[in-house]
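> Supplied in structure tokens, the structure appears directly below.
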Amino acid sequence: MMKTFFNLVQEVQKPGLCHRCGGCVTFCTAVNYGALELSEDGKPRFGDMEKCIECGLCYTICPEIDELEEETRRHSNWSAPMGRIIETTVARATDKAVLKAATDGGVVTALLLHMFDRGRIDGAIVARQVGRFQRQPFLAVTREEIKEGAGFFFDTSHGMKRFSDQYMTFSSIEEFDPMLKKGLRRVALVGTPCQIMSIRRMQTLSLVPSESISICLGLFCSGNFTFSAAEQKALSEMGGFSWENVRKINIKDALLVHLKDGEVRSIDLAGVESMRRYACRFCPDYSSEFADISFGGIGAEEGWTTVITRSPLGRAVFADARGAEVVEEFAREENPASSSEALGKVRTASAAKKKAARHNRRDLGMKPVVIDR
């Protein structure tokens with residue numbers, strides 16, 4: 001019997017495993033518009049159940065369903081323990097304006113701008129700030145719009161479209177719909193591990209519109225966090241700061257709150273565990289193992305980004321940007337082992353997340369799950 005979105009609700013949403021990556025809604029929107037939709041908080045749901053053709057593809061591409069696990073790994077040339085790794089380096093953007101807006105070294109924005117200027121992409125699915133603690137996914141088709149996506153924010157739902165008291169961090173693959181309407185066929189996606197996995201599964205099946213994603217730029221991910229007024233208050237008390245004095249927030253080995261006077265307050269990630277979205281506790285992918293290039297601040301000096309190229313395309317894109325002096329690498333004479341040390345820290349963080357996911361899934365299996373009939 002073919003499993004459908006109804007089964008996703010029972011097997012993924014009700015146990016709390018839905019990452020809200022938007023993959024199921026994206027595919028349905030492209031093929032049979034209106035059957036599925038995202039709620040205001042980014043949760044996939046039936047928009048019109050009668051429009052569902054029960055093809056089962058939404059079920060198959062869900063990152064929480066392992067039906068295509070082996071095929072997707074082969075398609076992406078994945079290898080243990082944390083995906084294919086061609087090269088690791090520590091780098092930053094050379095454009096001072098990009099650096100100023102960046103959380104780490106601004107490499108993601110620099111690469112997007114470089115590919116756009118070279119005519120290699122028509123746009124990028126990113127996210128921009130629409131309020132003090134709010135992010136909105138959108139399809140950037142100009143240099144200025146790409147720049148608007150710079151920086152890091154907490155996230156609770158990639159699919160959430162509008163305003164709330166929670167951070168939107170990264171992009172949303174729900175932006176496929178405007179991408180198709182604009183006729184774009186070469187688009188970069190900046191996303192978290194669960195989003196990248198959903199795209200790769202779509203590409204493994206050669207599903208429209210996934211072929212229009214020409215490159216996947218993955219972000220290191222410790223998890224997505226809710227950030228309500230109560231949680232804002234709790235964080236400010238933990239870190240001893242006022243939100244009016246905050247310049248930016250970053251996550252490396254700890255939650256780092258950068259103040260306007262240059263001081264940085266560090267909060268242990270264990271202290272914000274209760275703020276992390278429930279489904280993230282079961283995700284084993286820290287370093288966006290299925291991306292073309294992965295990025296994050298862990299292992300890098302302040303103002304720099306750890307970069308892992310994973311595919312020949314990713315290697316070529318980064319090499320081209322490096323040759324054009326759009327990005328620069330950390331000076332080897334300052335620390336010849338900077339790249340290997342950075343990779344070591346990423347491996348450690350990756351192993352820790354995988355271990356925690358295994359442990360939490362084991363505990364989840366011991367809990368009864370109530371299924372509504």
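For the structure tokens, the naming scheme is as follows: chains receive sequential letters (A, B, ...) according to their order of presentation, residues are indexed from 1 within each chain, and ligands are indexed from 1 in presentation order.
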Find the residues around A:Arg201 up to 7 Å (only C-alpha atoms counted), leave out those fewer than 2 positions away in its own chain, and share them as a count of residues only.
9
> Contacts between stretch 84-108 of chain A and stretch 44-78 of chain A, please, where a residue of stretch 44-78 of chain A counts if it comes within 10 Å (with only C-alpha atoms); show its shortest atom pair and distance in Å to one decimal, rows by chain and ascending number, as a tab-separated table.

residue	atom	partner	partner_atom	distance
A:Arg73	CA	A:Arg84	CA	9.9
A:Ser76	CA	A:Arg84	CA	8.4
A:Asn77	CA	A:Arg84	CA	6.6
A:Trp78	CA	A:Arg84	CA	5.1
> When you look at A:Glu273 with a cut-off of 10 Å (counting only C-alpha atoms), what residues show up, excluding the ones that are within fewer than 6 positions of it in the same chain? I need them as a list in words.
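Counting only the stated atoms, we get Gly223, Phe225 and Arg281 of chain A.
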> Using only C-alpha atoms, which residues sit within 10 Å of A:Phe241 once same-chain residues fewer than 2 positions away are excluded, as a list in words?
Lys233, Leu235, Ser236, Glu237, Met238, Gly239, Trp243, Glu244, Asn245, Val246, Val257, His258, Leu259, Val264 and Arg265 of chain A
> So that I can check the secondary structure, give me every residue of stretch 108-337 of chain A assigned alpha helix (DSSP H) by backbone DSSP, as a ChimeraX atom specification.
/A:108-117,143-148,176-181,193-204,229-239,312-323
> For A:Leu217, find every residue with an atom within 8 Å (counting only C-alpha atoms), except residues of its own chain fewer than 5 positions away, and show them as JSON, numbers by chain.
{"A": [108, 188, 189, 190, 191, 291, 292, 293, 294, 295]}
> Which is closer to A:Leu111 than all the others in A:Ala337, A:Gly299, A:Ala279, A:Ala150, using only C-alpha atoms?
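Once distances to A:Leu111 are computed over only C-alpha atoms, the minimum belongs to A:Ala150.
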> Using only C-alpha atoms, which of A:Arg347, A:Arg361, A:His75, A:Lys355 sits nearest A:Ser206?
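Of all the options, A:His75 lies closest to A:Ser206.
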> So what do you get for atom CA of A:Glu71 versus atom CA of A:Tyr59, distance-wise?
15.4 Å
> If we count only C-alpha atoms and set the cut-off at 7 Å, which residues sit around A:Ser212, ignoring sequence neighbours fewer than 3 positions away in its own chain? Please answer as an MDAnalysis selection string.
chainID A and resid 185:187 209
> Can you pull out every residue within 10 Å of stretch 316-320 of chain A, counting only C-alpha atoms, but drop anything in the same chain fewer than 5 positions away, and send it as number ranges by chain?
A: 107, 111-112, 114-115, 120, 215, 292-293, 307-309, 311, 325-327
> Can I get the selected residues back with N, CA and C atoms, as a short mmCIF file (atom, residue, chain, number, x, y, z; two decimals), in the first residue's frame?

data_model
loop_
_atom_site.label_atom_id
_atom_site.label_comp_id
_atom_site.auth_asym_id
_atom_site.auth_seq_id
_atom_site.Cartn_x
_atom_site.Cartn_y
_atom_site.Cartn_z
N VAL A 107 31.62 34.13 3.92
CA VAL A 107 31.98 33.37 2.72
C VAL A 107 30.75 32.98 1.91
N LEU A 111 30.37 34.03 -1.99
CA LEU A 111 30.26 33.06 -3.07
C LEU A 111 28.98 33.28 -3.89
N LEU A 112 27.89 33.59 -3.22
CA LEU A 112 26.64 33.85 -3.93
C LEU A 112 26.79 35.04 -4.87
N HIS A 114 29.55 36.25 -6.10
CA HIS A 114 30.50 35.93 -7.15
C HIS A 114 29.84 35.10 -8.25
N MET A 115 29.08 34.08 -7.86
CA MET A 115 28.38 33.26 -8.85
C MET A 115 27.36 34.08 -9.63
N ARG A 120 26.54 32.62 -13.28
CA ARG A 120 26.42 31.18 -13.08
C ARG A 120 25.17 30.79 -12.31
N ILE A 215 23.21 24.48 -7.11
CA ILE A 215 24.23 24.24 -6.09
C ILE A 215 23.59 24.39 -4.71
N ASP A 292 27.02 20.78 -1.46
CA ASP A 292 28.19 20.92 -2.33
C ASP A 292 29.33 21.58 -1.57
N ILE A 293 28.98 22.53 -0.72
CA ILE A 293 29.94 23.18 0.18
C ILE A 293 29.24 23.38 1.51
N VAL A 307 35.26 26.19 5.92
CA VAL A 307 34.64 25.82 4.64
C VAL A 307 35.04 24.40 4.27
N ILE A 308 34.05 23.56 4.01
CA ILE A 308 34.29 22.18 3.56
C ILE A 308 33.70 22.01 2.17
N THR A 309 34.55 21.78 1.18
CA THR A 309 34.05 21.49 -0.17
C THR A 309 33.81 19.99 -0.26
N SER A 311 31.82 18.42 -3.17
CA SER A 311 31.60 17.91 -4.52
C SER A 311 32.56 18.61 -5.48
N GLU A 325 39.93 36.45 -5.95
CA GLU A 325 40.19 37.19 -4.71
C GLU A 325 38.90 37.74 -4.09
N VAL A 326 37.83 36.99 -4.30
CA VAL A 326 36.57 37.31 -3.64
C VAL A 326 36.60 36.81 -2.20
N VAL A 327 37.33 35.71 -1.98
CA VAL A 327 37.58 35.20 -0.63
C VAL A 327 39.08 35.04 -0.44
#
